[in-house]
Every structure is written in structure tokens, then in C-alpha cells.
>>> print(open('run_39.txt').read())   # compact mmCIF, C-alpha atoms and all ligand atoms
# COMPACT_ATOMS: atom_id res chain seq x y z
CA MET A 1 -0.34 8.06 -8.78
CA PHE A 2 1.95 6.59 -6.10
CA ASP A 3 4.97 7.82 -8.11
CA SER A 4 6.96 9.19 -5.23
CA LEU A 5 6.13 6.25 -2.94
CA ARG A 6 7.13 3.79 -5.66
CA LYS A 7 10.39 5.61 -6.32
CA LYS A 8 11.31 5.91 -2.66
CA ILE A 9 10.44 2.32 -1.76
CA SER A 10 12.37 1.12 -4.78
CA ASN A 11 15.39 3.21 -3.66
CA ALA A 12 15.17 1.87 -0.12
CA ILE A 13 15.07 -1.72 -1.40
CA SER A 14 17.95 -1.09 -3.82
CA SER A 15 20.03 0.43 -1.08
CA ILE A 16 19.61 -2.53 1.28
CA VAL A 17 20.35 -4.94 -1.58
CA LYS A 18 23.43 -2.89 -2.46
CA SER A 19 24.60 -2.87 1.14
CA GLU A 20 24.13 -6.64 1.39
CA ASN A 21 25.99 -7.12 -1.88
CA GLU A 22 28.83 -4.91 -0.69
CA GLU A 23 29.02 -6.85 2.54
CA GLU A 24 29.10 -10.05 0.57
CA ALA A 25 31.78 -8.62 -1.72
CA ASN A 26 33.84 -7.66 1.35
CA ASN A 27 33.40 -11.15 2.73
CA LEU A 28 34.47 -12.57 -0.57
CA GLY A 29 37.44 -10.18 -0.60
CA ASN A 30 38.44 -11.48 2.80
CA GLU A 31 37.91 -15.02 1.67
CA LYS A 32 40.12 -14.37 -1.31
CA ALA A 33 42.83 -12.90 0.91
CA ASN A 34 42.56 -15.93 3.17
CA SER A 35 42.57 -18.34 0.33
CA ASP A 36 45.65 -16.56 -1.11
CA ILE A 37 47.37 -17.31 2.15
CA GLU A 38 46.15 -20.83 1.95
CA ASN A 39 47.47 -21.28 -1.52
CA ASN A 40 50.87 -20.72 -0.05
CA ILE A 41 50.21 -23.48 2.42
CA GLN A 42 51.38 -26.77 1.16
CA PRO A 43 49.88 -29.94 2.52
CA ILE A 44 52.43 -31.97 4.37
CA SER A 45 52.81 -35.68 4.50
CA GLU A 46 51.59 -37.02 7.83
CA GLU A 47 54.31 -39.63 7.93
CA THR A 48 57.33 -37.71 6.77
CA GLY A 49 56.35 -34.16 7.50
CA THR A 50 57.69 -33.22 4.11
CA ASP A 51 55.89 -31.02 1.68
CA LYS A 52 53.69 -32.89 -0.70
CA PRO A 53 51.44 -31.41 -3.34
CA THR A 54 47.82 -32.37 -3.16
CA GLU A 55 46.56 -34.77 -5.76
CA ASP A 56 43.21 -33.09 -5.76
CA GLU A 57 43.16 -30.79 -8.80
CA SER A 58 40.08 -28.84 -7.66
CA PRO A 59 40.56 -25.74 -5.44
CA PRO A 60 41.13 -27.07 -1.95
CA ASP A 61 38.44 -26.42 0.63
CA TYR A 62 40.72 -26.13 3.60
CA SER A 63 39.38 -26.08 7.08
CA ILE A 64 41.81 -24.99 9.74
CA ALA A 65 41.01 -25.53 13.37
CA GLN A 66 42.99 -24.07 16.14
CA LYS A 67 44.25 -26.78 18.36
CA SER A 68 47.02 -25.24 20.37
CA ASN A 69 47.59 -28.37 22.36
CA GLU A 70 48.64 -30.24 19.27
CA SER A 71 52.33 -29.89 18.55
CA GLU A 72 52.37 -30.77 14.94
CA ASN A 73 50.54 -28.59 12.49
CA ARG A 74 48.41 -30.50 10.17
CA GLN A 75 46.37 -29.58 7.21
CA SER A 76 43.07 -31.06 6.15
CA VAL A 77 42.24 -31.38 2.53
CA LYS A 78 38.85 -31.44 0.95
CA GLY A 79 36.70 -34.26 2.19
CA ASN A 80 38.58 -34.58 5.46
CA PRO A 81 37.56 -31.62 7.59
CA GLU A 82 38.77 -33.19 10.82
CA LYS A 83 42.40 -32.99 9.79
CA GLN A 84 44.47 -29.98 10.68
CA VAL A 85 46.28 -27.67 8.33
CA GLN A 86 49.41 -25.69 8.90
CA ASN A 87 50.55 -22.34 7.80
CA ASN A 88 54.07 -23.61 7.55
CA GLU A 89 55.44 -20.20 6.62
CA LYS A 90 54.45 -18.83 9.96
CA GLY A 91 54.34 -22.13 11.74
CA LYS A 92 51.15 -21.03 13.38
CA ASP A 93 47.66 -22.56 13.52
CA ILE A 94 44.85 -20.42 12.04
CA LYS A 95 41.34 -20.89 13.20
CA LEU A 96 39.42 -21.30 10.00
CA SER A 97 35.79 -20.73 10.16
CA LEU A 98 36.77 -20.18 6.56
CA SER A 99 34.83 -23.11 5.22
CA THR A 100 31.76 -21.96 7.16
CA ARG A 101 32.19 -18.45 5.90
CA LEU A 102 32.77 -19.70 2.39
CA LYS A 103 29.63 -21.73 2.72
CA SER A 104 27.65 -18.69 3.85
CA ALA A 105 29.20 -16.49 1.18
CA PHE A 106 28.21 -18.95 -1.49
CA SER A 107 24.98 -19.99 0.17
CA LYS A 108 21.78 -19.77 -1.79
CA GLU A 109 20.09 -18.10 1.14
CA ILE A 110 20.72 -14.94 3.11
CA LYS A 111 19.41 -13.86 6.45
CA LEU A 112 19.54 -10.07 6.80
CA ASN A 113 21.26 -8.82 9.90
CA ASP A 114 19.39 -6.69 12.43
CA ASN A 115 21.28 -3.50 11.55
CA ASP A 116 20.32 -3.73 7.91
CA ILE A 117 16.70 -4.45 8.74
CA GLU A 118 16.67 -1.52 11.16
CA ARG A 119 18.23 0.84 8.61
CA PHE A 120 15.85 -0.27 5.87
CA SER A 121 12.81 0.02 8.16
CA SER A 122 13.73 3.54 9.28
CA GLU A 123 14.15 4.65 5.69
CA LEU A 124 10.85 3.06 4.72
CA MET A 125 9.11 4.61 7.70
CA MET A 126 10.25 8.11 6.67
CA THR A 127 9.17 7.41 3.11
CA MET A 128 5.70 6.35 4.16
CA LEU A 129 5.18 9.27 6.50
CA GLN A 130 6.36 11.71 3.85
CA SER A 131 3.89 10.09 1.45
CA ASP A 132 0.91 10.79 3.74
CA VAL A 133 0.51 7.30 5.13
CA SER A 134 -0.79 7.81 8.66
CA TYR A 135 1.62 7.43 11.58
CA ALA A 136 -0.41 4.65 13.24
CA THR A 137 -0.59 2.61 10.06
CA THR A 138 3.08 3.18 9.26
CA GLU A 139 4.17 2.10 12.72
CA LYS A 140 2.08 -1.06 12.61
CA PHE A 141 3.30 -1.83 9.10
CA ILE A 142 6.97 -1.35 9.99
CA GLU A 143 6.83 -3.52 13.13
CA SER A 144 5.22 -6.34 11.24
CA LEU A 145 7.64 -5.96 8.31
CA LYS A 146 10.64 -6.13 10.63
CA THR A 147 9.41 -9.40 12.12
CA GLN A 148 8.70 -10.76 8.69
CA MET A 149 12.15 -9.80 7.39
CA SER A 150 14.05 -11.21 10.30
CA ASN A 151 12.17 -14.51 9.98
CA THR A 152 12.82 -14.77 6.26
CA ARG A 153 15.70 -16.50 4.54
CA PHE A 154 16.09 -14.65 1.27
CA GLU A 155 17.39 -16.21 -1.90
CA SER A 156 20.78 -14.56 -2.25
CA SER A 157 20.53 -14.48 -6.04
CA ASN A 158 17.16 -12.75 -5.80
CA LEU A 159 17.40 -10.52 -2.77
CA GLN A 160 15.67 -7.55 -4.37
CA SER A 161 12.61 -9.53 -5.25
CA GLY A 162 12.60 -11.27 -1.85
CA ILE A 163 12.52 -7.95 -0.01
CA SER A 164 9.92 -6.59 -2.42
CA ASN A 165 7.77 -9.63 -1.66
CA CYS A 166 8.03 -8.98 2.07
CA VAL A 167 6.96 -5.36 1.57
CA SER A 168 4.11 -6.44 -0.71
CA LEU A 169 2.83 -8.99 1.81
CA GLU A 170 2.77 -6.42 4.56
CA LEU A 171 1.09 -3.86 2.31
CA GLU A 172 -1.54 -6.42 1.46
CA LYS A 173 -2.33 -6.88 5.16
CA VAL A 174 -2.90 -3.13 5.56
CA LEU A 175 -4.86 -2.75 2.34
CA GLU A 176 -7.22 -5.61 3.11
CA ALA A 177 -8.76 -3.29 5.74
CA GLY A 178 -9.86 -0.97 2.96
CA LYS A 179 -11.48 -3.58 0.79
CA PRO A 180 -15.26 -3.39 0.92
CA LYS A 181 -16.98 -6.69 1.70
CA GLU A 182 -19.04 -5.96 -1.39
CA GLN A 183 -18.37 -3.45 -4.14
CA LEU A 184 -20.90 -0.62 -4.49
CA LEU A 185 -22.46 -2.02 -7.65
CA GLU A 186 -23.02 -5.37 -5.93
CA ILE A 187 -24.53 -3.69 -2.88
CA VAL A 188 -26.98 -1.79 -5.09
CA ARG A 189 -27.83 -4.91 -7.10
CA HIS A 190 -28.47 -6.95 -3.97
CA LYS A 191 -30.70 -4.27 -2.50
CA LEU A 192 -32.69 -3.99 -5.74
CA ASP A 193 -32.91 -7.78 -5.99
CA SER A 194 -34.22 -7.97 -2.46
CA GLY A 195 -37.08 -5.65 -3.45
CA MET A 196 -35.71 -2.38 -2.15
CA ARG A 197 -36.53 0.27 -4.74
CA PRO A 198 -35.36 2.94 -4.92
CA VAL A 199 -31.95 2.58 -3.34
CA SER A 200 -30.76 5.99 -2.18
CA ILE A 201 -27.11 7.01 -2.07
CA MET A 202 -26.00 10.27 -0.47
CA PHE A 203 -22.65 11.95 -1.22
CA LEU A 204 -21.08 14.15 1.42
CA GLY A 205 -17.77 15.71 2.31
CA PRO A 206 -15.78 18.94 2.41
CA ASN A 207 -15.92 21.69 -0.24
CA GLY A 208 -14.69 20.99 -3.71
CA THR A 209 -13.57 17.39 -3.18
CA GLY A 210 -15.46 16.14 -6.21
CA LYS A 211 -18.86 15.11 -4.78
CA THR A 212 -20.96 16.25 -7.74
CA THR A 213 -18.51 14.92 -10.33
CA THR A 214 -18.22 11.59 -8.50
CA MET A 215 -21.98 11.29 -8.18
CA SER A 216 -22.20 11.74 -11.97
CA LYS A 217 -19.53 9.06 -12.46
CA ILE A 218 -21.61 6.69 -10.32
CA ALA A 219 -24.73 7.52 -12.39
CA TYR A 220 -22.72 6.70 -15.52
CA MET A 221 -21.53 3.40 -14.04
CA LEU A 222 -25.05 2.45 -12.95
CA LYS A 223 -26.44 3.33 -16.38
CA ASN A 224 -23.80 1.16 -18.05
CA ASN A 225 -24.97 -1.67 -15.82
CA GLY A 226 -28.62 -1.27 -16.68
CA ILE A 227 -29.56 0.55 -13.47
CA SER A 228 -31.53 3.80 -13.77
CA SER A 229 -30.98 6.72 -11.46
CA VAL A 230 -32.29 10.17 -10.55
CA PHE A 231 -30.31 13.15 -9.25
CA SER A 232 -31.38 15.03 -6.15
CA ALA A 233 -29.83 18.50 -6.50
CA SER A 234 -29.59 18.93 -2.74
CA ASP A 235 -26.74 21.43 -2.80
CA THR A 236 -28.92 24.50 -2.60
CA PHE A 237 -26.13 26.52 -1.08
CA ARG A 238 -23.24 26.97 -3.50
CA ALA A 239 -23.71 29.26 -6.48
CA ALA A 240 -24.19 27.31 -9.71
CA ALA A 241 -24.33 23.97 -7.87
CA ILE A 242 -27.83 23.22 -9.20
CA GLU A 243 -26.84 24.14 -12.76
CA GLN A 244 -23.77 21.93 -12.47
CA THR A 245 -25.90 18.93 -11.44
CA ALA A 246 -28.43 19.76 -14.16
CA TYR A 247 -25.62 19.83 -16.73
CA HIS A 248 -24.54 16.30 -15.79
CA ALA A 249 -28.17 15.09 -15.74
CA SER A 250 -28.64 16.37 -19.25
CA LYS A 251 -25.36 14.85 -20.49
CA LEU A 252 -26.23 11.50 -18.96
CA GLY A 253 -29.87 11.69 -20.03
CA MET A 254 -31.39 11.26 -16.59
CA PRO A 255 -33.98 13.04 -14.42
CA ILE A 256 -33.07 15.64 -11.83
CA ILE A 257 -35.18 16.87 -8.93
CA LYS A 258 -34.25 20.38 -7.89
CA GLY A 259 -35.50 23.32 -5.85
CA ALA A 260 -34.56 26.93 -5.37
CA TYR A 261 -31.31 28.11 -3.89
CA GLY A 262 -31.69 28.28 -0.14
CA ALA A 263 -34.39 25.57 -0.12
CA ASP A 264 -34.21 22.79 2.44
CA PRO A 265 -31.85 20.15 0.97
CA ALA A 266 -33.50 17.36 2.98
CA SER A 267 -36.91 18.05 1.49
CA ILE A 268 -35.48 18.00 -2.05
CA ALA A 269 -33.95 14.61 -1.32
CA PHE A 270 -37.30 13.44 0.02
CA ASP A 271 -39.04 14.64 -3.16
CA ALA A 272 -36.44 12.92 -5.34
CA ILE A 273 -37.05 9.63 -3.55
CA GLU A 274 -40.82 10.01 -4.02
CA TYR A 275 -40.33 10.80 -7.72
CA THR A 276 -38.08 7.77 -8.22
CA LYS A 277 -40.56 5.52 -6.43
CA ALA A 278 -43.45 6.85 -8.47
CA HIS A 279 -41.61 6.29 -11.74
CA GLY A 280 -40.34 2.83 -10.88
CA LEU A 281 -36.72 3.90 -11.23
CA ASP A 282 -33.89 2.26 -9.36
CA VAL A 283 -31.55 4.63 -7.58
CA VAL A 284 -31.61 8.17 -6.14
CA LEU A 285 -28.26 9.94 -6.07
CA ILE A 286 -28.29 12.77 -3.53
CA ASP A 287 -25.77 15.58 -3.96
CA THR A 288 -24.99 17.71 -0.90
CA ALA A 289 -23.22 21.01 -0.35
CA GLY A 290 -19.59 20.91 0.67
CA ARG A 291 -19.05 21.46 4.38
CA GLN A 292 -16.00 21.69 6.55
CA GLU A 293 -15.71 19.35 9.49
CA THR A 294 -15.41 22.35 11.80
CA ASN A 295 -18.85 23.75 10.92
CA LYS A 296 -21.22 22.21 13.46
CA ASN A 297 -24.32 23.83 11.91
CA LEU A 298 -23.63 22.27 8.55
CA LEU A 299 -22.83 18.94 10.16
CA ASN A 300 -26.16 19.11 11.97
CA GLU A 301 -27.81 19.85 8.65
CA ILE A 302 -26.40 16.65 7.15
CA LYS A 303 -27.67 14.79 10.21
CA LYS A 304 -31.13 16.15 9.47
CA MET A 305 -30.82 15.04 5.83
CA GLU A 306 -30.03 11.56 7.06
CA ARG A 307 -33.07 11.60 9.32
CA VAL A 308 -35.46 12.82 6.62
CA ALA A 309 -34.16 11.15 3.48
CA LYS A 310 -32.92 7.98 5.22
CA PRO A 311 -30.26 7.22 2.61
CA ASP A 312 -29.48 3.54 2.23
CA ILE A 313 -25.82 4.20 1.51
CA THR A 314 -23.72 7.21 2.54
CA ILE A 315 -20.46 7.94 0.78
CA TYR A 316 -17.77 10.29 1.98
CA VAL A 317 -15.99 11.94 -0.93
CA GLY A 318 -12.52 13.07 0.07
CA GLU A 319 -9.54 14.33 -1.84
CA SER A 320 -6.57 12.01 -1.68
CA THR A 321 -4.34 15.09 -1.79
CA SER A 322 -5.66 16.25 1.60
CA GLY A 323 -2.93 14.34 3.39
CA ASN A 324 -3.44 13.28 6.97
CA ARG A 325 -6.20 15.86 7.44
CA ILE A 326 -8.65 13.58 5.72
CA ALA A 327 -8.68 11.12 8.64
CA GLU A 328 -9.41 13.96 11.06
CA GLN A 329 -12.19 15.24 8.78
CA ILE A 330 -13.83 11.84 8.57
CA ALA A 331 -13.55 11.42 12.33
CA GLU A 332 -15.57 14.63 12.77
CA PHE A 333 -18.18 13.68 10.16
CA VAL A 334 -18.85 10.27 11.73
CA LYS A 335 -19.81 11.99 14.95
CA PHE A 336 -22.88 13.22 13.04
CA ILE A 337 -23.56 10.65 10.36
CA LYS A 338 -22.75 7.03 9.67
CA ILE A 339 -20.46 6.65 6.64
CA ASP A 340 -20.63 3.41 4.66
CA GLY A 341 -17.79 3.98 2.25
CA ILE A 342 -15.17 6.40 1.01
CA ILE A 343 -14.41 7.58 -2.50
CA LEU A 344 -10.96 9.06 -2.70
CA THR A 345 -10.81 11.53 -5.56
CA LYS A 346 -8.02 13.19 -7.53
CA LEU A 347 -5.64 10.29 -7.10
CA ASP A 348 -4.44 11.23 -10.58
CA CYS A 349 -3.12 14.50 -9.10
CA ASP A 350 -1.56 12.89 -6.05
CA SER A 351 1.96 11.58 -6.48
CA LYS A 352 2.11 10.54 -2.82
CA GLY A 353 -0.99 8.38 -2.53
CA GLY A 354 -0.51 7.51 1.16
CA ASN A 355 -4.17 8.08 2.00
CA ALA A 356 -5.09 5.25 -0.31
CA ILE A 357 -3.04 2.98 1.95
CA SER A 358 -4.03 4.11 5.40
CA ILE A 359 -7.37 5.89 5.36
CA SER A 360 -9.42 2.71 5.83
CA ASP A 361 -7.01 1.33 8.38
CA VAL A 362 -7.39 4.51 10.42
CA THR A 363 -11.13 5.08 10.01
CA GLY A 364 -12.33 1.48 9.68
CA ILE A 365 -14.37 2.55 6.62
CA PRO A 366 -13.83 0.79 3.29
CA ILE A 367 -12.88 2.57 0.08
CA PHE A 368 -15.38 2.05 -2.72
CA PHE A 369 -13.56 3.87 -5.48
CA PHE A 370 -10.70 6.11 -6.45
CA GLY A 371 -11.40 9.11 -8.67
CA THR A 372 -8.69 9.17 -11.28
CA GLY A 373 -9.70 12.07 -13.52
CA GLU A 374 -12.53 14.34 -14.53
CA SER A 375 -14.28 12.17 -17.08
CA TYR A 376 -17.22 9.90 -16.26
CA ASP A 377 -15.18 6.74 -16.61
CA SER A 378 -12.34 7.94 -14.37
CA LEU A 379 -13.47 5.84 -11.47
CA MET A 380 -11.48 2.86 -10.27
CA GLU A 381 -12.65 0.22 -7.82
CA PHE A 382 -10.45 -0.18 -4.79
CA ASP A 383 -8.12 -3.04 -5.62
CA PRO A 384 -5.27 -3.84 -3.20
CA SER A 385 -3.29 -5.82 -5.77
CA PHE A 386 -3.35 -2.89 -8.21
CA ILE A 387 -2.00 -0.60 -5.49
CA ILE A 388 0.69 -3.07 -4.49
CA LYS A 389 1.77 -3.49 -8.11
CA SER A 390 1.84 0.29 -8.51
CA ILE A 391 3.97 0.78 -5.42
CA VAL A 392 6.32 -2.19 -5.25
CA GLN A 393 8.37 -3.07 -8.28
CA ASN A 394 9.46 -6.65 -8.42
N1 LIG B 1 -8.22 15.41 -11.65
C1 LIG B 1 -9.38 15.14 -11.05
N2 LIG B 1 -10.29 16.11 -10.89
C2 LIG B 1 -11.44 15.80 -10.27
C3 LIG B 1 -11.71 14.50 -9.80
N3 LIG B 1 -12.93 14.52 -9.23
C4 LIG B 1 -13.41 15.79 -9.37
N4 LIG B 1 -12.51 16.56 -9.98
C5 LIG B 1 -12.60 18.00 -10.26
O1 LIG B 1 -12.68 18.70 -9.05
C6 LIG B 1 -13.41 19.89 -9.21
C7 LIG B 1 -14.49 19.98 -8.15
O2 LIG B 1 -15.42 18.96 -8.43
P1 LIG B 1 -16.91 19.02 -7.90
O3 LIG B 1 -17.56 17.77 -8.32
O4 LIG B 1 -17.56 20.29 -8.28
O5 LIG B 1 -16.63 19.02 -6.35
P2 LIG B 1 -17.71 19.18 -5.19
O6 LIG B 1 -17.20 18.42 -4.04
O7 LIG B 1 -19.04 18.84 -5.68
O8 LIG B 1 -17.60 20.74 -4.88
P3 LIG B 1 -18.59 21.59 -3.96
O9 LIG B 1 -19.97 21.22 -4.34
O10 LIG B 1 -18.26 23.01 -4.28
O11 LIG B 1 -18.31 21.27 -2.55
C8 LIG B 1 -13.96 19.84 -10.60
O12 LIG B 1 -13.15 20.64 -11.45
C9 LIG B 1 -13.87 18.38 -11.01
O13 LIG B 1 -13.73 18.19 -12.39
C10 LIG B 1 -10.71 13.49 -9.98
O14 LIG B 1 -10.83 12.33 -9.58
N5 LIG B 1 -9.57 13.87 -10.60
MG MG B 2 -20.84 19.84 -5.60
>>> encode(input="run_39.txt", output="C-alpha cells", more="lines below")
Ligand SMILES: Nc1nc2c(ncn2[C@@H]2O[C@H](COP(=O)(O)OP(=O)(O)OP(=O)(O)O)[C@@H](O)[C@H]2O)c(=O)[nH]1
Ligand SMILES: [Mg+2]
Amino acid sequence: MFDSLRKKISNAISSIVKSENEEEANNLGNEKANSDIENNIQPISEETGTDKPTEDESPPDYSIAQKSNESENRQSVKGNPEKQVQNNEKGKDIKLSLSTRLKSAFSKEIKLNDNDIERFSSELMMTMLQSDVSYATTEKFIESLKTQMSNTRFESSNLQSGISNCVSLELEKVLEAGKPKEQLLEIVRHKLDSGMRPVSIMFLGPNGTGKTTTMSKIAYMLKNNGISSVFSASDTFRAAAIEQTAYHASKLGMPIIKGAYGADPASIAFDAIEYTKAHGLDVVLIDTAGRQETNKNLLNEIKKMERVAKPDITIYVGESTSGNRIAEQIAEFVKFIKIDGIILTKLDCDSKGGNAISISDVTGIPIFFFGTGESYDSLMEFDPSFIIKSIVQN
């Protein structure tokens, strides 16, 4: 999960830190060369003009200003920056921004130069695109990060963590878009508390993304929270789909309403809702057949299911490994049916993980959960701070 993104972002941060450190080392090398020259410069007595060793035992902080209109070359010693110093070997004034440069070299803070920020941003942009983060999200993220970085004074002793913090802050801004106002369990609880019973939840999405498995995970979660549920085996299309749902119902010890293969899925959902109502149970979980976003007939069928069953919550189940296609798929689905939330499955098989970052930003639909495995408890609530911690190493 997020392995490749984490590795690449970490490399990009290390490489900018390394380049800054090298630049600093070069500066220090130059400073050393300059200070070697200076060490050969002996302060001279203002009165006599004769060489006189400084009484200050500490390394002199010489500041040399070029004043060509002054005939005598003078040297300032520490604490007297206005005085002039002389390279009496060459008899020539040297403009020393040396003390300024020394100050910046030893400063506790660093401001990254534009070239470094540009190089880092380009590398990060490539990394994000290669990791399936959408182009629009990446572009927005990078622009904002660049502004943030150029306005930040980084602690020079802690540059790596400073840059990581910048990246984390920007990631947080993007991920906030994906955070549901209320988590699914809370939504269900509030609806039940307000007297709505049963609450119906319909699962939809392309073939094989994990709809039936995810629906069973939700049933397991609800059960663990004292909320009863009933399955509506409304995938009457795929071979063995009804048996698969029945298997989970039996494992989880819950009722299932099913029909024959080829039966109208909407009417099975309707029956399931009636059954749940009649038995005073809490939630109806409606499975649906997988359908591709290009199949208008099947998309119209899901529209009919929405009309007949009137689900209270609709959840799009998409595979995180689908890359940027998933945004296009959702865009087609929402032309036919309103989607309240996304569950992104198989994140455990996805080393890129970019969809987890950008899918909500692109679609405007929150992520309820990530599927992180095949077992009932492999369901993780969408948590921006977990993602940030997984991606950015401090
Ligand atoms: N590793 C992993 N496997 C998953 C996850 N979710 C589902 N699967 C597996 O994905 C496969 C397909 O899961 P299903 O639940 O049958 O998918 P579906 O969307 O209902 O499939 P159709 O009904 O044929 O459209 C199964 O082998 C599941 O065990 C997940 O989060 N991680
Ligand atoms: Mg299924």
C-alpha cells in the first residue's frame, strides 16, 4: 500500500536535501578558501601601518568592503565591521560579503532557491502521475506546494523534515476532500435513530471490483456494532453470484432474500426491504451485478433499481488498481445514479495508491472505506492522517 509513492517521494526529498547540503558544502568550501586567504592577512596598526597581530584569540570575523576611493587599506576585526581590511600581499581591496555569506552558511534557517524548488516539484509531479494520482489533482497539489515551499524558511539542521512537513500539509489539503462528513456507521446510526428503518444501502460498480465481498464486510461491521442486516441477492446475472451471497449470509448468520437467475433485480431489492421492515430489522444490503460504464442498458437497469428500491445510501465499489480509469467510470455512473460514497478495494494489492489521493478530489465524492484484503475485517475507514503517515516519512 503506497509503497512506490512513499519510496519515490522519500527519494525526491532526499535528493533536494542532498543538493542543498552539497551547495552548502560548496559554500563552506569557498568560505574556507576565503578564510585561508584571510588568515594570511595581518591586521595593521592604524597609526603606524605596521603589522600587528590581533589580540582577539577567537577566529576573526573579517568583513572587507571595497572602497576604491580610500588609499589606505584597512582591516576590520571582529566587532568593528565598519573598518576596512587589507590583503597586504596583493595590496588590493576585496569586497567581502564574506561575513554575510558566513552568516547564511551558518544560519539556522534556509530558504530554498527557485531552481531547487522547481526541480523537486517536477520530480514529485512525475512520481505522482506515475502513481495514478490524477493530472488535475497533481497539478493543483504541485502549484500549492511550490508556493508553500518558497514562502517557508526551513530549519537548516532539519531540512528533510521541513520539506516532508510541507508535502504532508499539501497532501492533507487534497485528502480533506475525500473525508466523508460522517462515516458510514454514523450515517446509518443517525438514520436509525431518526426512525428510519430499514436503512437500505446499494452497492454498485464494474465487474469483479469486490462489491459482494465488500457488502459482506459491511454486514460484519454492522453486526459488530449491534446493527442487524439482510442481504438482497440482486445480482441475478452472473453465474454463482446468488450462491456467493448466500455463502456469506450463512457465514455471518443473517437472512438473504433471493430470486431466480434472470429475475428482476429491482423487485428482489423491493422484497428484501419489505422483509426487513416486516421483521423489524435494521439495514438492507443490496448487491448488484457488475456492469461496465460503457453499457448503457445496464446503467439504465441500475437507474431503475434506484427508482424502485429507493436506496438510502448508494456506494460505488471500485478497485484502487484501476488507475485513472476509475474517475472516468464514476463520471459515467453518476450520469445515471447518484453516488453517496466510494469504497476503494484491493488497496492491499496496489503499491501505487494514487487513486486513494485523488479520486474524491476529482469526483467530489467521499471515500467511506478502503478494502485491504479478503477477510471480513479487511476494511479501513478513510483516514487522511493514516495515508499521509504511510506516504511521507518524517
Ligand atoms: N486482496 C483483496 N481482494 C479483494 C478485496 N475485495 C474483494 N477482493 C476479492 O476480489 C474478488 C472479487 O470479489 P467480489 O466480491 O466477487 O467482486 P464483485 O464486484 O462482487 O464481482 P462481480 O459480482 O462479478 O461483479 C474476490 O476474490 C474477492 O475476495 C480487497 O480489498 N483486497
Ligand atoms: Mg458480486
>>> atom_distance(input="run_39.txt", atom1="CA of Thr245 (chain A)", atom2="CA of Ile365 (chain A)")
27.0 Å
>>> residues_near_ligand(input="run_39.txt", ligand="ligand MG 2 (chain B)", cutoff="8 Å", atoms="all atoms listed in the file", output="PDB file with C-alpha atoms, in the frame of the given file")
ATOM      1  CA  ASN A 207     -15.920  21.690  -0.240  1.00  0.00           C
ATOM      2  CA  GLY A 208     -14.690  20.990  -3.710  1.00  0.00           C
ATOM      3  CA  GLY A 210     -15.460  16.140  -6.210  1.00  0.00           C
ATOM      4  CA  LYS A 211     -18.860  15.110  -4.780  1.00  0.00           C
ATOM      5  CA  THR A 212     -20.960  16.250  -7.740  1.00  0.00           C
ATOM      6  CA  THR A 213     -18.510  14.920 -10.330  1.00  0.00           C
ATOM      7  CA  ASP A 235     -26.740  21.430  -2.800  1.00  0.00           C
ATOM      8  CA  ARG A 238     -23.240  26.970  -3.500  1.00  0.00           C
ATOM      9  CA  ALA A 241     -24.330  23.970  -7.870  1.00  0.00           C
ATOM     10  CA  GLN A 244     -23.770  21.930 -12.470  1.00  0.00           C
ATOM     11  CA  THR A 245     -25.900  18.930 -11.440  1.00  0.00           C
ATOM     12  CA  ASP A 287     -25.770  15.580  -3.960  1.00  0.00           C
ATOM     13  CA  THR A 288     -24.990  17.710  -0.900  1.00  0.00           C
ATOM     14  CA  ALA A 289     -23.220  21.010  -0.350  1.00  0.00           C
ATOM     15  CA  GLY A 290     -19.590  20.910   0.670  1.00  0.00           C
TER      16      GLY A 290
END
>>> closest_residue(input="run_39.txt", among="A:Ser156, A:Ser375, A:Ser351, A:Ser322", to="ligand LIG 1 (chain B)", atoms="all atoms listed in the file")
A:Ser375
>>> atom_distance(input="run_39.txt", atom1="CA of Gly353 (chain A)", atom2="CA of Gly323 (chain A)")
8.6 Å
>>> atom_distance(input="run_39.txt", atom1="CA of Arg6 (chain A)", atom2="CA of Asn113 (chain A)")
24.5 Å
>>> closest_residue(input="run_39.txt", among="A:Ile163, A:Leu299, A:Ala239, A:Ile337", to="ligand LIG 1 (chain B)", atoms="only C-alpha atoms and all ligand atoms")
A:Ala239
>>> closest_residue(input="run_39.txt", among="A:Phe333, A:Tyr247, A:Phe237, A:Phe231", to="Ala272 (chain A)", atoms="only C-alpha atoms")
A:Phe231
